[in-house]
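Text of start14.pdb, listed as PDB, C-alpha atoms, pLDDT in the B column:
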ATOM      1  CA  MET A 137      18.333 -18.550  83.029  1.00 45.00           C
ATOM      2  CA  GLY A 138      21.169 -17.612  80.732  1.00 46.00           C
ATOM      3  CA  ALA A 139      23.635 -14.801  81.352  1.00 52.00           C
ATOM      4  CA  ASP A 140      23.218 -13.544  77.775  1.00 71.00           C
ATOM      5  CA  HIS A 141      19.472 -13.028  78.102  1.00 87.00           C
ATOM      6  CA  PRO A 142      18.528 -12.775  81.771  1.00 96.00           C
ATOM      7  CA  THR A 143      14.899 -13.375  82.691  1.00 97.00           C
ATOM      8  CA  ILE A 144      13.176 -10.823  84.860  1.00 98.00           C
ATOM      9  CA  LEU A 145       9.983 -11.477  86.786  1.00 98.00           C
ATOM     10  CA  ILE A 146       7.872  -8.316  87.000  1.00 98.00           C
ATOM     11  CA  VAL A 147       5.487  -8.482  89.974  1.00 98.00           C
ATOM     12  CA  ASP A 148       2.935  -5.669  89.850  1.00 97.00           C
ATOM     13  CA  ASP A 149      -0.853  -5.820  90.144  1.00 96.00           C
ATOM     14  CA  GLU A 150      -1.290  -3.176  87.430  1.00 96.00           C
ATOM     15  CA  ALA A 151      -1.151  -4.835  83.985  1.00 97.00           C
ATOM     16  CA  PRO A 152      -0.288  -1.581  82.151  1.00 96.00           C
ATOM     17  CA  ILE A 153       2.804  -1.144  84.343  1.00 95.00           C
ATOM     18  CA  ARG A 154       3.863  -4.767  83.788  1.00 97.00           C
ATOM     19  CA  GLU A 155       3.410  -4.271  80.033  1.00 97.00           C
ATOM     20  CA  MET A 156       5.360  -0.996  79.978  1.00 95.00           C
ATOM     21  CA  VAL A 157       8.256  -2.485  81.958  1.00 97.00           C
ATOM     22  CA  ASP A 158       8.175  -5.626  79.793  1.00 97.00           C
ATOM     23  CA  PHE A 159       8.337  -3.481  76.642  1.00 97.00           C
ATOM     24  CA  THR A 160      11.299  -1.487  77.968  1.00 96.00           C
ATOM     25  CA  LEU A 161      13.243  -4.524  79.140  1.00 97.00           C
ATOM     26  CA  SER A 162      12.450  -6.734  76.146  1.00 97.00           C
ATOM     27  CA  ALA A 163      13.693  -4.006  73.793  1.00 96.00           C
ATOM     28  CA  ASP A 164      17.001  -4.203  75.663  1.00 96.00           C
ATOM     29  CA  GLY A 165      17.303  -7.989  75.323  1.00 96.00           C
ATOM     30  CA  PHE A 166      15.852  -9.168  78.622  1.00 97.00           C
ATOM     31  CA  GLY A 167      13.327 -11.964  78.839  1.00 97.00           C
ATOM     32  CA  CYS A 168      10.311 -10.906  80.887  1.00 98.00           C
ATOM     33  CA  VAL A 169       7.530 -12.687  82.684  1.00 98.00           C
ATOM     34  CA  GLY A 170       4.768 -10.926  84.606  1.00 98.00           C
ATOM     35  CA  ALA A 171       2.774 -11.731  87.720  1.00 98.00           C
ATOM     36  CA  GLY A 172      -0.096  -9.730  89.205  1.00 97.00           C
ATOM     37  CA  THR A 173      -0.100 -11.400  92.626  1.00 96.00           C
ATOM     38  CA  ILE A 174       2.309 -12.943  95.114  1.00 96.00           C
ATOM     39  CA  ALA A 175       0.735 -16.363  94.446  1.00 96.00           C
ATOM     40  CA  GLU A 176       1.480 -16.049  90.712  1.00 97.00           C
ATOM     41  CA  ALA A 177       4.998 -14.847  91.517  1.00 97.00           C
ATOM     42  CA  ARG A 178       5.665 -17.864  93.768  1.00 95.00           C
ATOM     43  CA  THR A 179       4.538 -20.244  91.020  1.00 97.00           C
ATOM     44  CA  LEU A 180       6.668 -18.537  88.377  1.00 97.00           C
ATOM     45  CA  ILE A 181       9.744 -18.408  90.610  1.00 96.00           C
ATOM     46  CA  ALA A 182       9.463 -22.156  91.165  1.00 95.00           C
ATOM     47  CA  GLU A 183       8.929 -22.801  87.437  1.00 96.00           C
ATOM     48  CA  ILE A 184      11.498 -20.514  85.819  1.00 96.00           C
ATOM     49  CA  SER A 185      13.907 -19.380  88.564  1.00 94.00           C
ATOM     50  CA  PRO A 186      14.246 -15.834  87.218  1.00 97.00           C
ATOM     51  CA  ASP A 187      17.529 -13.959  87.253  1.00 97.00           C
ATOM     52  CA  LEU A 188      15.972 -10.898  88.893  1.00 98.00           C
ATOM     53  CA  LEU A 189      12.708  -9.868  90.502  1.00 98.00           C
ATOM     54  CA  LEU A 190      11.129  -6.424  89.999  1.00 98.00           C
ATOM     55  CA  LEU A 191       8.710  -6.176  92.883  1.00 98.00           C
ATOM     56  CA  ASP A 192       5.948  -3.709  93.695  1.00 97.00           C
ATOM     57  CA  TRP A 193       5.286  -3.036  97.379  1.00 95.00           C
ATOM     58  CA  MET A 194       1.493  -2.737  97.292  1.00 94.00           C
ATOM     59  CA  LEU A 195      -0.064  -5.949  96.021  1.00 95.00           C
ATOM     60  CA  PRO A 196      -3.455  -7.616  96.518  1.00 91.00           C
ATOM     61  CA  GLY A 197      -4.003 -10.774  98.530  1.00 88.00           C
ATOM     62  CA  GLY A 198      -2.881  -9.947 102.045  1.00 88.00           C
ATOM     63  CA  GLN A 199       0.884 -10.085 101.553  1.00 91.00           C
ATOM     64  CA  SER A 200       2.802  -7.023 100.429  1.00 95.00           C
ATOM     65  CA  GLY A 201       5.807  -7.056  98.156  1.00 96.00           C
ATOM     66  CA  LEU A 202       7.822  -6.100 101.213  1.00 95.00           C
ATOM     67  CA  ASP A 203       6.551  -9.178 103.091  1.00 95.00           C
ATOM     68  CA  PHE A 204       7.312 -11.328 100.056  1.00 95.00           C
ATOM     69  CA  ALA A 205      10.883  -9.998  99.770  1.00 96.00           C
ATOM     70  CA  LYS A 206      11.429 -10.675 103.464  1.00 94.00           C
ATOM     71  CA  ALA A 207      10.058 -14.222 103.115  1.00 93.00           C
ATOM     72  CA  LEU A 208      12.255 -14.936 100.089  1.00 94.00           C
ATOM     73  CA  ARG A 209      15.356 -13.800 101.961  1.00 93.00           C
ATOM     74  CA  ALA A 210      14.494 -15.891 105.041  1.00 92.00           C
ATOM     75  CA  GLY A 211      15.895 -19.203 103.890  1.00 78.00           C
ATOM     76  CA  SER A 212      13.903 -19.837 100.739  1.00 74.00           C
ATOM     77  CA  GLN A 213      15.664 -21.953  98.111  1.00 88.00           C
ATOM     78  CA  HIS A 214      15.332 -18.827  95.945  1.00 90.00           C
ATOM     79  CA  SER A 215      16.842 -16.495  98.544  1.00 93.00           C
ATOM     80  CA  GLN A 216      19.661 -15.392  96.225  1.00 93.00           C
ATOM     81  CA  ILE A 217      17.429 -13.988  93.464  1.00 96.00           C
ATOM     82  CA  PRO A 218      18.208 -10.277  93.237  1.00 97.00           C
ATOM     83  CA  ILE A 219      15.257  -8.015  94.044  1.00 98.00           C
ATOM     84  CA  ILE A 220      14.627  -4.462  92.931  1.00 98.00           C
ATOM     85  CA  MET A 221      11.626  -2.824  94.547  1.00 97.00           C
ATOM     86  CA  LEU A 222       9.803  -0.753  91.895  1.00 95.00           C
ATOM     87  CA  THR A 223       7.049   1.011  93.765  1.00 94.00           C
ATOM     88  CA  ALA A 224       5.106   4.211  94.324  1.00 94.00           C
ATOM     89  CA  ARG A 225       6.255   4.211  97.967  1.00 93.00           C
ATOM     90  CA  ALA A 226       8.942   6.854  97.648  1.00 93.00           C
ATOM     91  CA  GLU A 227       9.521   8.173 101.166  1.00 95.00           C
ATOM     92  CA  GLU A 228      13.007   7.725 102.607  1.00 96.00           C
ATOM     93  CA  ALA A 229      11.656   5.489 105.392  1.00 97.00           C
ATOM     94  CA  ASP A 230      10.035   3.219 102.764  1.00 96.00           C
ATOM     95  CA  ARG A 231      13.261   2.996 100.738  1.00 96.00           C
ATOM     96  CA  VAL A 232      15.299   2.183 103.836  1.00 97.00           C
ATOM     97  CA  LEU A 233      12.805  -0.459 104.966  1.00 96.00           C
ATOM     98  CA  GLY A 234      12.782  -2.057 101.511  1.00 96.00           C
ATOM     99  CA  LEU A 235      16.557  -2.329 101.512  1.00 97.00           C
ATOM    100  CA  GLU A 236      16.653  -3.569 105.108  1.00 96.00           C
ATOM    101  CA  VAL A 237      14.283  -6.490 104.422  1.00 94.00           C
ATOM    102  CA  GLY A 238      16.460  -7.680 101.559  1.00 94.00           C
ATOM    103  CA  ALA A 239      15.883  -5.709  98.368  1.00 97.00           C
ATOM    104  CA  ASP A 240      19.101  -5.197  96.428  1.00 97.00           C
ATOM    105  CA  ASP A 241      17.894  -1.852  95.101  1.00 98.00           C
ATOM    106  CA  TYR A 242      14.842   0.384  95.328  1.00 97.00           C
ATOM    107  CA  MET A 243      13.318   2.618  92.640  1.00 96.00           C
ATOM    108  CA  PRO A 244      10.295   4.803  93.202  1.00 95.00           C
ATOM    109  CA  LYS A 245       7.667   5.252  90.477  1.00 92.00           C
ATOM    110  CA  PRO A 246       7.538   7.086  88.208  1.00 92.00           C
ATOM    111  CA  TYR A 247      10.891   5.854  86.995  1.00 92.00           C
ATOM    112  CA  SER A 248      13.253   6.570  84.128  1.00 94.00           C
ATOM    113  CA  ALA A 249      13.628   3.640  81.725  1.00 95.00           C
ATOM    114  CA  ARG A 250      17.349   4.367  81.319  1.00 96.00           C
ATOM    115  CA  GLU A 251      17.911   4.399  85.077  1.00 97.00           C
ATOM    116  CA  LEU A 252      15.890   1.202  85.548  1.00 97.00           C
ATOM    117  CA  LEU A 253      17.995  -0.581  82.914  1.00 97.00           C
ATOM    118  CA  ALA A 254      21.214   0.697  84.502  1.00 97.00           C
ATOM    119  CA  ARG A 255      20.128  -0.457  87.957  1.00 97.00           C
ATOM    120  CA  ILE A 256      19.105  -3.891  86.633  1.00 98.00           C
ATOM    121  CA  ARG A 257      22.481  -4.341  84.936  1.00 97.00           C
ATOM    122  CA  SER A 258      24.273  -3.219  88.096  1.00 97.00           C
ATOM    123  CA  VAL A 259      22.349  -5.588  90.362  1.00 97.00           C
ATOM    124  CA  LEU A 260      22.872  -8.488  87.928  1.00 97.00           C
ATOM    125  CA  ARG A 261      26.637  -7.770  87.821  1.00 96.00           C
ATOM    126  CA  ARG A 262      26.804  -7.870  91.615  1.00 94.00           C
ATOM    127  CA  ALA A 263      24.733 -11.068  91.706  1.00 92.00           C
ATOM    128  CA  ARG A 264      27.056 -12.776  89.222  1.00 88.00           C
ATOM    129  CA  GLY A 265      29.999 -11.739  91.406  1.00 85.00           C
ATOM    130  CA  ARG A 266      28.387 -13.419  94.425  1.00 72.00           C
ATOM    131  CA  ALA A 267      27.657 -16.587  92.449  1.00 62.00           C
ATOM    132  CA  GLY A 268      31.178 -16.809  91.005  1.00 55.00           C
TER     133      GLY A 268
END

Encoding of this model in structure tokens:
Amino acid sequence: MGADHPTILIVDDEAPIREMVDFTLSADGFGCVGAGTIAEARTLIAEISPDLLLLDWMLPGGQSGLDFAKALRAGSQHSQIPIIMLTARAEEADRVLGLEVGADDYMPKPYSARELLARIRSVLRRARGRAG
């Protein structure tokens, strides 16, 4: 997607959270697409190749967000998509594990909208640096 209006894929099984994040990010000029399952996320990644993935850890369907992040990083054609884990799992061990499997950043819920936007911009800046 374009650098002026990056597209963010929000993967969370709770529609109200997807809608709240979408509202926050859209108001700041980001394009947003939501997925409630890993299967939906896979389809959308293939269709739109988002600029960044906001990923919940606990998702239905047998594969966690953590498993999905690990799979994406393990040689997928989309392995360079930046990932921010946005999850209720807030323990230090969870944060470390999320970063170790390939997340670029990790934010526990509840989150501050200002901090989320700052972290998204930071991760996107770093990703552009890697691509350039």

CA of Val237 (chain A) and CA of Ser185 (chain A) are how many Å apart?
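So the two atoms, CA of Val237 (chain A) and CA of Ser185 (chain A), lie 20.4 Å apart.
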
Between CA of Trp193 (chain A) and CA of Arg225 (chain A), what is the spacing in Å?
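Separating CA of Arg225 (chain A) from CA of Trp193 (chain A) is a distance of 7.3 Å.
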
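Considering the residues A:Pro196, A:Gly167, A:Pro186, A:Pro218 and counting only C-alpha atoms, Ile256 (chain A) has its shortest atom-to-atom contact with A:Pro218.
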
Go ahead and compute the interatomic distance for CA of Leu202 (chain A) and CA of Leu252 (chain A), in Å to one decimal.
19.1 Å

Nearest-residue call for Asp230 (chain A), choices A:Glu176, A:Thr143, A:Met194, A:Phe159, using all atoms listed in the file
A:Met194

Find, counting only C-alpha atoms, the residue in A:Tyr247, A:Gly198, A:Ile217, A:Ala254 that gets nearest to Leu145 (chain A).
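Closest to Leu145 (chain A) of all the choices is A:Ile217.
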
Quick one: everything within 12 Å of Arg264 (chain A), counting all atoms listed in the file, minus sequence neighbours fewer than 6 positions away in the same chain. Send it as a list in words.
Gly138, Ala139, Pro142, Asp187, Leu188, Gln216, Ile217, Pro218, Arg257 and Ser258 of chain A

So which residues get picked by the PyMOL selection byres ((chain A and resi 172-174) around 6) here, written as a PyMOL selection string?
chain A and resi 147-149+171+175-177

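Each of A:Gly234, A:His214, A:Tyr242, A:Gly165 was compared to Thr179 (chain A) using only C-alpha atoms, and A:His214 turns out to be the nearest.
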
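Ranking A:Leu222, A:Ile181, A:Ala239, A:Ala229 by their shortest atom-to-atom distance to Lys206 (chain A), with all atoms listed in the file included, puts A:Ala239 first.
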
Nearby residues (all atoms listed in the file) at most 10 Å from Met243 (chain A), same-chain spacing under 4 positions excluded, as a PDB file with C-alpha atoms, in the coordinates of the input:
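Output (selection30.pdb):
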ATOM      1  CA  LEU A 190      11.129  -6.424  89.999  1.00 98.00           C
ATOM      2  CA  LEU A 191       8.710  -6.176  92.883  1.00 98.00           C
ATOM      3  CA  ASP A 192       5.948  -3.709  93.695  1.00 97.00           C
ATOM      4  CA  ILE A 220      14.627  -4.462  92.931  1.00 98.00           C
ATOM      5  CA  MET A 221      11.626  -2.824  94.547  1.00 97.00           C
ATOM      6  CA  LEU A 222       9.803  -0.753  91.895  1.00 95.00           C
ATOM      7  CA  THR A 223       7.049   1.011  93.765  1.00 94.00           C
ATOM      8  CA  ALA A 224       5.106   4.211  94.324  1.00 94.00           C
ATOM      9  CA  ARG A 225       6.255   4.211  97.967  1.00 93.00           C
ATOM     10  CA  ALA A 226       8.942   6.854  97.648  1.00 93.00           C
ATOM     11  CA  ARG A 231      13.261   2.996 100.738  1.00 96.00           C
ATOM     12  CA  TYR A 247      10.891   5.854  86.995  1.00 92.00           C
ATOM     13  CA  SER A 248      13.253   6.570  84.128  1.00 94.00           C
ATOM     14  CA  GLU A 251      17.911   4.399  85.077  1.00 97.00           C
ATOM     15  CA  LEU A 252      15.890   1.202  85.548  1.00 97.00           C
ATOM     16  CA  ARG A 255      20.128  -0.457  87.957  1.00 97.00           C
TER      17      ARG A 255
END

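Counting all atoms listed in the file and comparing A:Arg178, A:Glu155, A:Thr160, A:Ile184, the residue that lies closest to Gln199 (chain A) is A:Arg178.
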
All file atoms of region 140-151 of chain A boxed axis-aligned, 6 Å per side, centre plus edges, as lines of an AutoDock Vina configuration file:
center_x = 11.0
center_y = -8.4
center_z = 84.0
size_x = 36.5
size_y = 22.4
size_z = 24.4

Could I get region 200-211 of chain A rebuilt with all heavy atoms, written as a PDB file, in the coordinates of the input?
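Wrote it out as out-v6.pdb, contents follow:
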ATOM      1  N   SER A 200       2.212  -8.099 101.220  1.00 95.00           N
ATOM      2  CA  SER A 200       2.802  -7.023 100.429  1.00 95.00           C
ATOM      3  C   SER A 200       4.071  -7.525  99.736  1.00 95.00           C
ATOM      4  O   SER A 200       4.629  -8.572 100.095  1.00 95.00           O
ATOM      5  CB  SER A 200       3.152  -5.840 101.334  1.00 95.00           C
ATOM      6  OG  SER A 200       4.250  -6.163 102.169  1.00 95.00           O
ATOM      7  N   GLY A 201       4.534  -6.743  98.780  1.00 96.00           N
ATOM      8  CA  GLY A 201       5.807  -7.056  98.156  1.00 96.00           C
ATOM      9  C   GLY A 201       6.937  -7.050  99.171  1.00 96.00           C
ATOM     10  O   GLY A 201       7.872  -7.838  99.094  1.00 96.00           O
ATOM     11  N   LEU A 202       6.831  -6.163 100.149  1.00 95.00           N
ATOM     12  CA  LEU A 202       7.822  -6.100 101.213  1.00 95.00           C
ATOM     13  C   LEU A 202       7.833  -7.408 102.016  1.00 95.00           C
ATOM     14  O   LEU A 202       8.901  -7.975 102.282  1.00 95.00           O
ATOM     15  CB  LEU A 202       7.518  -4.917 102.130  1.00 95.00           C
ATOM     16  CG  LEU A 202       8.629  -4.485 103.052  1.00 95.00           C
ATOM     17  CD1 LEU A 202       9.749  -3.824 102.262  1.00 95.00           C
ATOM     18  CD2 LEU A 202       8.090  -3.540 104.091  1.00 95.00           C
ATOM     19  N   ASP A 203       6.646  -7.896 102.376  1.00 95.00           N
ATOM     20  CA  ASP A 203       6.551  -9.178 103.091  1.00 95.00           C
ATOM     21  C   ASP A 203       7.133 -10.318 102.258  1.00 95.00           C
ATOM     22  O   ASP A 203       7.816 -11.201 102.762  1.00 95.00           O
ATOM     23  CB  ASP A 203       5.087  -9.512 103.407  1.00 95.00           C
ATOM     24  CG  ASP A 203       4.436  -8.546 104.372  1.00 95.00           C
ATOM     25  OD1 ASP A 203       5.151  -7.931 105.196  1.00 95.00           O
ATOM     26  OD2 ASP A 203       3.199  -8.382 104.286  1.00 95.00           O
ATOM     27  N   PHE A 204       6.838 -10.284 100.958  1.00 95.00           N
ATOM     28  CA  PHE A 204       7.312 -11.328 100.056  1.00 95.00           C
ATOM     29  C   PHE A 204       8.837 -11.307  99.952  1.00 95.00           C
ATOM     30  O   PHE A 204       9.484 -12.357 100.005  1.00 95.00           O
ATOM     31  CB  PHE A 204       6.661 -11.165  98.685  1.00 95.00           C
ATOM     32  CG  PHE A 204       6.987 -12.260  97.711  1.00 95.00           C
ATOM     33  CD1 PHE A 204       6.820 -13.583  98.044  1.00 95.00           C
ATOM     34  CD2 PHE A 204       7.451 -11.945  96.447  1.00 95.00           C
ATOM     35  CE1 PHE A 204       7.115 -14.593  97.131  1.00 95.00           C
ATOM     36  CE2 PHE A 204       7.744 -12.933  95.534  1.00 95.00           C
ATOM     37  CZ  PHE A 204       7.581 -14.259  95.869  1.00 95.00           C
ATOM     38  N   ALA A 205       9.424 -10.113  99.832  1.00 96.00           N
ATOM     39  CA  ALA A 205      10.883  -9.998  99.770  1.00 96.00           C
ATOM     40  C   ALA A 205      11.513 -10.555 101.043  1.00 96.00           C
ATOM     41  O   ALA A 205      12.488 -11.303 100.998  1.00 96.00           O
ATOM     42  CB  ALA A 205      11.283  -8.534  99.570  1.00 96.00           C
ATOM     43  N   LYS A 206      10.925 -10.197 102.173  1.00 94.00           N
ATOM     44  CA  LYS A 206      11.429 -10.675 103.464  1.00 94.00           C
ATOM     45  C   LYS A 206      11.348 -12.200 103.546  1.00 94.00           C
ATOM     46  O   LYS A 206      12.294 -12.866 103.987  1.00 94.00           O
ATOM     47  CB  LYS A 206      10.611 -10.033 104.583  1.00 94.00           C
ATOM     48  CG  LYS A 206      11.178 -10.186 105.954  1.00 94.00           C
ATOM     49  CD  LYS A 206      10.341  -9.380 106.932  1.00 94.00           C
ATOM     50  CE  LYS A 206      10.957  -9.313 108.290  1.00 94.00           C
ATOM     51  NZ  LYS A 206      10.182  -8.486 109.211  1.00 94.00           N
ATOM     52  N   ALA A 207      10.231 -12.769 103.104  1.00 93.00           N
ATOM     53  CA  ALA A 207      10.058 -14.222 103.115  1.00 93.00           C
ATOM     54  C   ALA A 207      11.056 -14.913 102.187  1.00 93.00           C
ATOM     55  O   ALA A 207      11.614 -15.960 102.528  1.00 93.00           O
ATOM     56  CB  ALA A 207       8.626 -14.580 102.729  1.00 93.00           C
ATOM     57  N   LEU A 208      11.285 -14.345 101.015  1.00 94.00           N
ATOM     58  CA  LEU A 208      12.255 -14.936 100.089  1.00 94.00           C
ATOM     59  C   LEU A 208      13.658 -14.964 100.703  1.00 94.00           C
ATOM     60  O   LEU A 208      14.387 -15.937 100.540  1.00 94.00           O
ATOM     61  CB  LEU A 208      12.309 -14.144  98.781  1.00 94.00           C
ATOM     62  CG  LEU A 208      11.320 -14.506  97.696  1.00 94.00           C
ATOM     63  CD1 LEU A 208      11.486 -13.570  96.504  1.00 94.00           C
ATOM     64  CD2 LEU A 208      11.455 -15.948  97.261  1.00 94.00           C
ATOM     65  N   ARG A 209      14.017 -13.898 101.381  1.00 93.00           N
ATOM     66  CA  ARG A 209      15.356 -13.800 101.961  1.00 93.00           C
ATOM     67  C   ARG A 209      15.533 -14.692 103.185  1.00 93.00           C
ATOM     68  O   ARG A 209      16.654 -15.015 103.561  1.00 93.00           O
ATOM     69  CB  ARG A 209      15.672 -12.345 102.359  1.00 93.00           C
ATOM     70  CG  ARG A 209      15.806 -11.425 101.177  1.00 93.00           C
ATOM     71  CD  ARG A 209      17.030 -11.793 100.349  1.00 93.00           C
ATOM     72  NE  ARG A 209      17.228 -10.857  99.253  1.00 93.00           N
ATOM     73  CZ  ARG A 209      17.142 -11.187  97.974  1.00 93.00           C
ATOM     74  NH1 ARG A 209      16.861 -12.420  97.619  1.00 93.00           N
ATOM     75  NH2 ARG A 209      17.345 -10.282  97.040  1.00 93.00           N
ATOM     76  N   ALA A 210      14.433 -15.126 103.787  1.00 92.00           N
ATOM     77  CA  ALA A 210      14.494 -15.891 105.041  1.00 92.00           C
ATOM     78  C   ALA A 210      14.612 -17.394 104.784  1.00 92.00           C
ATOM     79  O   ALA A 210      13.797 -18.174 105.239  1.00 92.00           O
ATOM     80  CB  ALA A 210      13.262 -15.585 105.887  1.00 92.00           C
ATOM     81  N   GLY A 211      15.611 -17.781 104.020  1.00 78.00           N
ATOM     82  CA  GLY A 211      15.895 -19.203 103.890  1.00 78.00           C
ATOM     83  C   GLY A 211      15.200 -19.920 102.760  1.00 78.00           C
ATOM     84  O   GLY A 211      15.287 -21.128 102.659  1.00 78.00           O
TER      85      GLY A 211
END
